[in-house]
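Colleague: Following this message is one structure expressed as structure tokens.
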Amino acid sequence: MTDQTKTWIEKDKKQLHPTYHPKSHANPLVIERGEGVWLYTTDGQKILDGMAGLWNVNAGYGREELAKAAYDQMKVMSFTSNFSGMTNLPSIQLADKLAGFAYEGLNTTFFTSGGSEANDSAFKTARYYWKRKGKPGKYKVIARKGAYHGITLAATFATGLEKYHAMFGPAMDGFVHIPAPNPYRYDGQLKDGETIGQAAARELEEAILREGADTVAAFIAEPVMGVGGVIVPPADYFPLVRAICDKHEILFIADEVITGFGRTGEWFALKHWNVKPDILCFAKAVTSGYAQLGGMQISDEIRETMESAADNEAYMHGYTYSGHAMACAVGLKNLEIMERENYPARAKELGKRLLDGLKTLAEFPFVGDVRGLGLVCGVEIVSNKESKTPDVALAAKIFKAAEKHGLRSRPLGATLAFSPPLSITEDEVDEIVKRLGAAMDGIG
Ligand SMILES: Cc1ncc(COP(=O)(O)O)c(C=O)c1O
């Protein structure tokens, strides 16, 4: 390590990092620049970013067009308030572009700065909606164990990963967790003849009945669980979930913060199962991480319910940066790039190549499962293939070894996640497999 990099690391201690532990942040990679799928450290190390940042840099690093879109907008007008009585052109144009883009009938967008705010907005909107419908008792949110929905207080307690709660209790009232349909390791109860999808959907209905449908506002789910370990649900799950939500008058919130904008091989992931949410949350790839932007789209029915609010029922919700002009201008340009370069098709094709490649690593005695949908994949490390015992320590070791081979993944419990930029080439996909294989060989 160069003296200059040591100095940077020393100075870096003046900031507190996300999900921080001093031990895990002891020697961070100091990244100086990026190009395509590649990151370069101040020490001159070249790293293949197998995670596209944090599942978000879909268009890859160093895109002139996006830099120019930000520059041009900032020069004209970087920001104006979007609070009542004012609006701006980029947010109008992006909301117009997004109307019906993800799902038919979701034509109204509320902008945020990221995914946690999008989910908080969805919870508050669900409560608002039911109050307007004359059912103020419907306030609870049912979420899944293993889910990650972000880090604001409400999103933290919607998240179904205990480690995110442990130091921030007491838990917020109104969040209930049920098992998610993990085809590799289902932790709910299977009844005779049931598929995992049916069992997990039954858990939703049972939770609704247990809590009382008149107390439940919404169900939230990631179509493909990300931070929980890249869990791809069985095909029968979401259609059953949709039917149960309809039957009991529960709003279905799709958290597509990772899966949106082409990542899984469709523009939005519930399309794989022909299902439509009532509220859609997005962030990350809407700007490919070039600007801080997220949002929530609501169904026409929710919009109409809001339109008819009485004078004392205003939607008192919004962020300073809702509809940020520069961020929306970048989002518009990014959407143009994603359409031009046909990202869903790329994710489908290159995702298959990545998954097939990663599956060749299943011959290692510690690779328990290899799974994915489009360009989001997970490799689960186990200490025993028969018992499927997750091996978190070994996964961390392989992650570190891969980094030495110039490959960045993300260890999520015992699963190594891969979610590279959708601009990745075939050769670069093969590099991921080659470098991970080399790292595993070294462990072996
Ligand atoms: C599925 C999902 N929802 C919400 C979030 C939170 O988004 P943000 O970090 O932009 O607040 C994330 C972040 O990784 C996520 O993966």
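Identifiers in this document derive from the order of the structure tokens: chains are assigned A, B, ..., residues are numbered from 1 separately in each chain, and ligands are numbered from 1 in order of occurrence.
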Residues contacting ligand 1 - anything with an atom at most 8 Å away, using only C-alpha atoms and all ligand atoms - can you give me those as a ChimeraX atom specification?
Modeller: /A:54-55,113-119,147-152,155,222,225-227,255-259,281-284,292-294
Colleague: Write a file of the just-selected residues containing C-alpha atoms, as a PDB file, in the first residue's frame.
Modeller:
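Below you can see out.pdb, which holds the result:
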ATOM      1  CA  LEU A  54     -24.615  -1.609  -4.803  1.00  0.00           C
ATOM      2  CA  TRP A  55     -26.729  -3.313  -7.493  1.00  0.00           C
ATOM      3  CA  SER A 113     -33.761  10.381  -3.116  1.00  0.00           C
ATOM      4  CA  GLY A 114     -33.447   6.611  -2.662  1.00  0.00           C
ATOM      5  CA  GLY A 115     -35.025   3.267  -1.874  1.00  0.00           C
ATOM      6  CA  SER A 116     -35.579   3.605   1.872  1.00  0.00           C
ATOM      7  CA  GLU A 117     -37.482   6.828   1.361  1.00  0.00           C
ATOM      8  CA  ALA A 118     -39.471   5.161  -1.422  1.00  0.00           C
ATOM      9  CA  ASN A 119     -40.534   2.365   0.929  1.00  0.00           C
ATOM     10  CA  ALA A 147     -36.211  -9.070   3.306  1.00  0.00           C
ATOM     11  CA  TYR A 148     -34.220  -5.851   3.043  1.00  0.00           C
ATOM     12  CA  HIS A 149     -36.232  -2.670   2.597  1.00  0.00           C
ATOM     13  CA  GLY A 150     -33.771  -0.007   3.701  1.00  0.00           C
ATOM     14  CA  ILE A 151     -32.561   1.886   6.668  1.00  0.00           C
ATOM     15  CA  THR A 152     -34.929   4.673   7.697  1.00  0.00           C
ATOM     16  CA  ALA A 155     -37.826   0.562   6.437  1.00  0.00           C
ATOM     17  CA  GLU A 222     -38.851  -7.833  -3.224  1.00  0.00           C
ATOM     18  CA  MET A 225     -34.718 -11.000  -2.549  1.00  0.00           C
ATOM     19  CA  GLY A 226     -31.367  -9.230  -2.720  1.00  0.00           C
ATOM     20  CA  VAL A 227     -29.581  -8.626   0.572  1.00  0.00           C
ATOM     21  CA  ASP A 255     -39.935  -3.272  -3.683  1.00  0.00           C
ATOM     22  CA  GLU A 256     -38.126  -3.277  -7.030  1.00  0.00           C
ATOM     23  CA  VAL A 257     -35.227  -1.167  -5.787  1.00  0.00           C
ATOM     24  CA  ILE A 258     -32.796  -3.867  -6.992  1.00  0.00           C
ATOM     25  CA  THR A 259     -34.896  -5.667  -9.599  1.00  0.00           C
ATOM     26  CA  CYS A 281     -40.890   1.284  -5.249  1.00  0.00           C
ATOM     27  CA  PHE A 282     -37.779   1.962  -7.304  1.00  0.00           C
ATOM     28  CA  ALA A 283     -34.392   3.662  -6.877  1.00  0.00           C
ATOM     29  CA  LYS A 284     -30.783   2.685  -7.679  1.00  0.00           C
ATOM     30  CA  GLN A 292     -29.497  10.118  -5.943  1.00  0.00           C
ATOM     31  CA  LEU A 293     -33.018   9.288  -7.073  1.00  0.00           C
ATOM     32  CA  GLY A 294     -35.791   6.904  -6.121  1.00  0.00           C
TER      33      GLY A 294
END
Colleague: To test your reading of the structure, identify every residue in segment 116-341 of chain A that backbone DSSP assigns to alpha helix (DSSP H), and report it as a short mmCIF file (atom, residue, chain, number, x, y, z; two decimals) with N, CA and C atoms, in the first residue's frame.
Modeller:
data_model
loop_
_atom_site.label_atom_id
_atom_site.label_comp_id
_atom_site.auth_asym_id
_atom_site.auth_seq_id
_atom_site.Cartn_x
_atom_site.Cartn_y
_atom_site.Cartn_z
N SER A 116 -34.97 3.61 0.54
CA SER A 116 -35.58 3.60 1.87
C SER A 116 -36.72 4.62 1.93
N GLU A 117 -36.44 5.79 1.39
CA GLU A 117 -37.48 6.83 1.36
C GLU A 117 -38.66 6.39 0.50
N ALA A 118 -38.38 5.65 -0.56
CA ALA A 118 -39.47 5.16 -1.42
C ALA A 118 -40.36 4.22 -0.62
N ASN A 119 -39.74 3.31 0.15
CA ASN A 119 -40.53 2.36 0.93
C ASN A 119 -41.29 3.06 2.06
N ASP A 120 -40.64 4.00 2.74
CA ASP A 120 -41.36 4.77 3.77
C ASP A 120 -42.56 5.48 3.16
N SER A 121 -42.35 6.02 1.97
CA SER A 121 -43.45 6.72 1.29
C SER A 121 -44.59 5.75 0.99
N ALA A 122 -44.22 4.53 0.60
CA ALA A 122 -45.25 3.53 0.28
C ALA A 122 -46.05 3.17 1.54
N PHE A 123 -45.36 3.01 2.68
CA PHE A 123 -46.09 2.65 3.92
C PHE A 123 -47.04 3.79 4.31
N LYS A 124 -46.53 5.02 4.22
CA LYS A 124 -47.37 6.15 4.61
C LYS A 124 -48.53 6.32 3.63
N THR A 125 -48.26 6.05 2.35
CA THR A 125 -49.32 6.19 1.34
C THR A 125 -50.40 5.12 1.55
N ALA A 126 -49.96 3.91 1.93
CA ALA A 126 -50.94 2.84 2.19
C ALA A 126 -51.83 3.24 3.37
N ARG A 127 -51.23 3.79 4.42
CA ARG A 127 -52.03 4.22 5.57
C ARG A 127 -52.98 5.35 5.17
N TYR A 128 -52.42 6.29 4.42
CA TYR A 128 -53.22 7.43 3.95
C TYR A 128 -54.43 6.93 3.15
N TYR A 129 -54.15 6.00 2.24
CA TYR A 129 -55.20 5.46 1.36
C TYR A 129 -56.34 4.84 2.17
N TRP A 130 -55.96 4.02 3.17
CA TRP A 130 -57.02 3.34 3.92
C TRP A 130 -57.79 4.32 4.81
N LYS A 131 -57.13 5.35 5.31
CA LYS A 131 -57.85 6.37 6.07
C LYS A 131 -58.88 7.05 5.16
N ARG A 132 -58.45 7.36 3.94
CA ARG A 132 -59.35 8.01 3.00
C ARG A 132 -60.51 7.10 2.62
N LEU A 153 -36.24 4.51 9.75
CA LEU A 153 -36.77 3.73 10.88
C LEU A 153 -37.84 2.73 10.44
N ALA A 154 -38.80 3.17 9.63
CA ALA A 154 -39.86 2.25 9.19
C ALA A 154 -39.28 1.17 8.28
N ALA A 155 -38.41 1.56 7.35
CA ALA A 155 -37.83 0.56 6.44
C ALA A 155 -36.98 -0.45 7.21
N THR A 156 -36.32 0.02 8.27
CA THR A 156 -35.53 -0.89 9.11
C THR A 156 -36.42 -1.97 9.70
N PHE A 157 -37.59 -1.57 10.19
CA PHE A 157 -38.43 -2.58 10.84
C PHE A 157 -39.33 -3.33 9.86
N ALA A 158 -39.37 -2.89 8.61
CA ALA A 158 -39.98 -3.71 7.56
C ALA A 158 -38.97 -4.78 7.14
N ILE A 196 -43.49 -25.12 -2.26
CA ILE A 196 -42.95 -24.06 -1.38
C ILE A 196 -43.68 -22.74 -1.65
N GLY A 197 -43.99 -22.49 -2.91
CA GLY A 197 -44.71 -21.26 -3.26
C GLY A 197 -46.08 -21.22 -2.59
N GLN A 198 -46.78 -22.36 -2.63
CA GLN A 198 -48.11 -22.43 -2.00
C GLN A 198 -48.01 -22.26 -0.48
N ALA A 199 -46.99 -22.91 0.12
CA ALA A 199 -46.84 -22.84 1.58
C ALA A 199 -46.55 -21.40 2.01
N ALA A 200 -45.66 -20.73 1.29
CA ALA A 200 -45.29 -19.35 1.67
C ALA A 200 -46.46 -18.40 1.44
N ALA A 201 -47.25 -18.65 0.40
CA ALA A 201 -48.44 -17.82 0.17
C ALA A 201 -49.48 -18.09 1.27
N ARG A 202 -49.61 -19.34 1.66
CA ARG A 202 -50.53 -19.67 2.77
C ARG A 202 -50.14 -18.92 4.04
N GLU A 203 -48.83 -18.81 4.27
CA GLU A 203 -48.35 -18.07 5.46
C GLU A 203 -48.85 -16.63 5.43
N LEU A 204 -48.91 -16.06 4.22
CA LEU A 204 -49.40 -14.68 4.11
C LEU A 204 -50.87 -14.63 4.52
N GLU A 205 -51.65 -15.57 3.98
CA GLU A 205 -53.09 -15.54 4.30
C GLU A 205 -53.30 -15.79 5.80
N GLU A 206 -52.53 -16.71 6.36
CA GLU A 206 -52.67 -16.99 7.80
C GLU A 206 -52.30 -15.76 8.63
N ALA A 207 -51.26 -15.06 8.21
CA ALA A 207 -50.85 -13.85 8.96
C ALA A 207 -51.94 -12.78 8.88
N ILE A 208 -52.55 -12.65 7.71
CA ILE A 208 -53.63 -11.66 7.55
C ILE A 208 -54.79 -12.01 8.49
N LEU A 209 -55.13 -13.30 8.53
CA LEU A 209 -56.26 -13.72 9.37
C LEU A 209 -55.92 -13.58 10.85
N ARG A 210 -54.67 -13.90 11.19
CA ARG A 210 -54.22 -13.80 12.59
C ARG A 210 -54.25 -12.34 13.08
N GLU A 211 -53.75 -11.45 12.22
CA GLU A 211 -53.69 -10.03 12.61
C GLU A 211 -55.06 -9.37 12.48
N TYR A 237 -45.61 -18.49 -6.67
CA TYR A 237 -45.74 -17.69 -5.45
C TYR A 237 -46.46 -16.35 -5.66
N PHE A 238 -45.94 -15.51 -6.54
CA PHE A 238 -46.50 -14.15 -6.63
C PHE A 238 -47.93 -14.11 -7.18
N PRO A 239 -48.30 -14.98 -8.14
CA PRO A 239 -49.73 -14.98 -8.53
C PRO A 239 -50.64 -15.32 -7.34
N LEU A 240 -50.20 -16.25 -6.48
CA LEU A 240 -51.01 -16.59 -5.30
C LEU A 240 -51.07 -15.41 -4.33
N VAL A 241 -49.93 -14.74 -4.15
CA VAL A 241 -49.86 -13.57 -3.26
C VAL A 241 -50.83 -12.48 -3.74
N ARG A 242 -50.80 -12.23 -5.04
CA ARG A 242 -51.68 -11.20 -5.61
C ARG A 242 -53.15 -11.52 -5.30
N ALA A 243 -53.51 -12.79 -5.50
CA ALA A 243 -54.91 -13.19 -5.28
C ALA A 243 -55.29 -13.03 -3.80
N ILE A 244 -54.37 -13.37 -2.90
CA ILE A 244 -54.66 -13.26 -1.46
C ILE A 244 -54.81 -11.79 -1.06
N CYS A 245 -53.94 -10.94 -1.59
CA CYS A 245 -54.04 -9.50 -1.29
C CYS A 245 -55.40 -8.96 -1.76
N ASP A 246 -55.81 -9.38 -2.97
CA ASP A 246 -57.11 -8.92 -3.49
C ASP A 246 -58.25 -9.40 -2.61
N LYS A 247 -58.18 -10.67 -2.24
CA LYS A 247 -59.27 -11.28 -1.46
C LYS A 247 -59.47 -10.54 -0.13
N ASP A 300 -53.75 3.79 -10.44
CA ASP A 300 -54.73 4.84 -10.74
C ASP A 300 -55.79 4.89 -9.64
N GLU A 301 -56.12 3.73 -9.09
CA GLU A 301 -57.16 3.69 -8.05
C GLU A 301 -56.71 4.44 -6.80
N ILE A 302 -55.44 4.25 -6.42
CA ILE A 302 -54.92 4.99 -5.25
C ILE A 302 -54.89 6.49 -5.57
N ARG A 303 -54.45 6.82 -6.76
CA ARG A 303 -54.40 8.23 -7.17
C ARG A 303 -55.79 8.87 -7.09
N GLU A 304 -56.80 8.13 -7.60
CA GLU A 304 -58.17 8.68 -7.58
C GLU A 304 -58.65 8.90 -6.14
N THR A 305 -58.27 7.95 -5.27
CA THR A 305 -58.67 8.07 -3.86
C THR A 305 -58.02 9.31 -3.24
N MET A 306 -56.79 9.61 -3.64
CA MET A 306 -56.10 10.79 -3.11
C MET A 306 -56.71 12.08 -3.67
N GLU A 307 -57.13 12.00 -4.92
CA GLU A 307 -57.68 13.19 -5.60
C GLU A 307 -58.91 13.71 -4.88
N ALA A 325 -34.33 18.37 -9.88
CA ALA A 325 -34.23 18.61 -11.33
C ALA A 325 -33.03 17.91 -11.95
N MET A 326 -31.85 18.06 -11.33
CA MET A 326 -30.65 17.43 -11.91
C MET A 326 -30.80 15.91 -11.90
N ALA A 327 -31.24 15.35 -10.76
CA ALA A 327 -31.35 13.89 -10.66
C ALA A 327 -32.35 13.35 -11.70
N CYS A 328 -33.46 14.07 -11.90
CA CYS A 328 -34.46 13.61 -12.88
C CYS A 328 -33.92 13.72 -14.30
N ALA A 329 -33.12 14.74 -14.57
CA ALA A 329 -32.52 14.88 -15.91
C ALA A 329 -31.58 13.71 -16.19
N VAL A 330 -30.83 13.31 -15.16
CA VAL A 330 -29.93 12.16 -15.31
C VAL A 330 -30.76 10.89 -15.51
N GLY A 331 -31.86 10.77 -14.75
CA GLY A 331 -32.74 9.61 -14.91
C GLY A 331 -33.28 9.48 -16.32
N LEU A 332 -33.68 10.61 -16.89
CA LEU A 332 -34.22 10.60 -18.26
C LEU A 332 -33.17 10.11 -19.26
N LYS A 333 -31.96 10.64 -19.12
CA LYS A 333 -30.88 10.25 -20.05
C LYS A 333 -30.52 8.78 -19.85
N ASN A 334 -30.52 8.35 -18.60
CA ASN A 334 -30.20 6.95 -18.30
C ASN A 334 -31.24 5.99 -18.91
N LEU A 335 -32.51 6.39 -18.82
CA LEU A 335 -33.56 5.56 -19.43
C LEU A 335 -33.37 5.46 -20.94
N GLU A 336 -32.96 6.58 -21.54
CA GLU A 336 -32.69 6.60 -22.99
C GLU A 336 -31.58 5.58 -23.30
N ILE A 337 -30.52 5.59 -22.49
CA ILE A 337 -29.41 4.64 -22.72
C ILE A 337 -29.89 3.20 -22.54
N MET A 338 -30.64 2.96 -21.47
CA MET A 338 -31.10 1.58 -21.18
C MET A 338 -31.99 1.05 -22.29
N GLU A 339 -32.82 1.93 -22.87
CA GLU A 339 -33.69 1.49 -23.96
C GLU A 339 -32.87 1.26 -25.23
N ARG A 340 -31.96 2.20 -25.49
CA ARG A 340 -31.13 2.10 -26.70
C ARG A 340 -30.29 0.83 -26.67
#
Colleague: Could you pull out the residues in segment 260-412 of chain A that DSSP calls strand (DSSP E or B) from the backbone, as a ChimeraX atom specification?
Modeller: /A:279-282,294-299,367-372,377-384,389-390,407-408,410-412
Colleague: What are the nearest atom pairs, with distances in Å to one decimal, for all residues of segment 234-313 of chain A that come at most 12 Å from segment 376-397 of chain A, using only C-alpha atoms, set out by chain and rising residue number as a tab-separated table?
Modeller:
residue	atom	partner	partner_atom	distance
A:Ile258	CA	A:Val376	CA	9.1
A:Thr259	CA	A:Val376	CA	8.5
A:Gly260	CA	A:Val376	CA	11.5
A:Gly262	CA	A:Val376	CA	10.5
A:Arg263	CA	A:Val376	CA	6.8
A:Thr264	CA	A:Val376	CA	6.5
A:Gly265	CA	A:Val376	CA	9.5
A:Ala269	CA	A:Val376	CA	11.4
Colleague: Neighbours of Gly357 of chain A within 12 Å (only C-alpha atoms; same-chain residues fewer than 2 positions away dropped), as a VMD selection string?
Modeller: chain A and resid 350 to 355 359 to 363 370 to 372 377 379 426 to 437
Colleague: So, with only C-alpha atoms as the atoms that count, which of A:Val232, A:Val30, A:Ala439, A:Ala99 lies closest to Glu403 of chain A?
Modeller: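 Smallest separation from Glu403 of chain A among the options: A:Ala439.
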Colleague: Between A:Arg33, A:Gly295, A:Lys46, A:Ala52, which has the minimum distance to Thr109 of chain A (counting only C-alpha atoms)?
Modeller: A:Gly295
Colleague: Which of these, A:Ala102, A:Phe366, A:Tyr20, A:Val286, has the shortest distance to Asn274 of chain A once you count only C-alpha atoms?
Modeller: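 Residue with the minimum atom-to-atom distance to Asn274 of chain A: A:Ala102.
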Colleague: Take atom CA of Ile142 of chain A and atom CA of Gly100 of chain A and report the distance between them in Å, one decimal.
Modeller: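 Spanning atom CA of Ile142 of chain A to atom CA of Gly100 of chain A is a straight-line distance of 26.1 Å.
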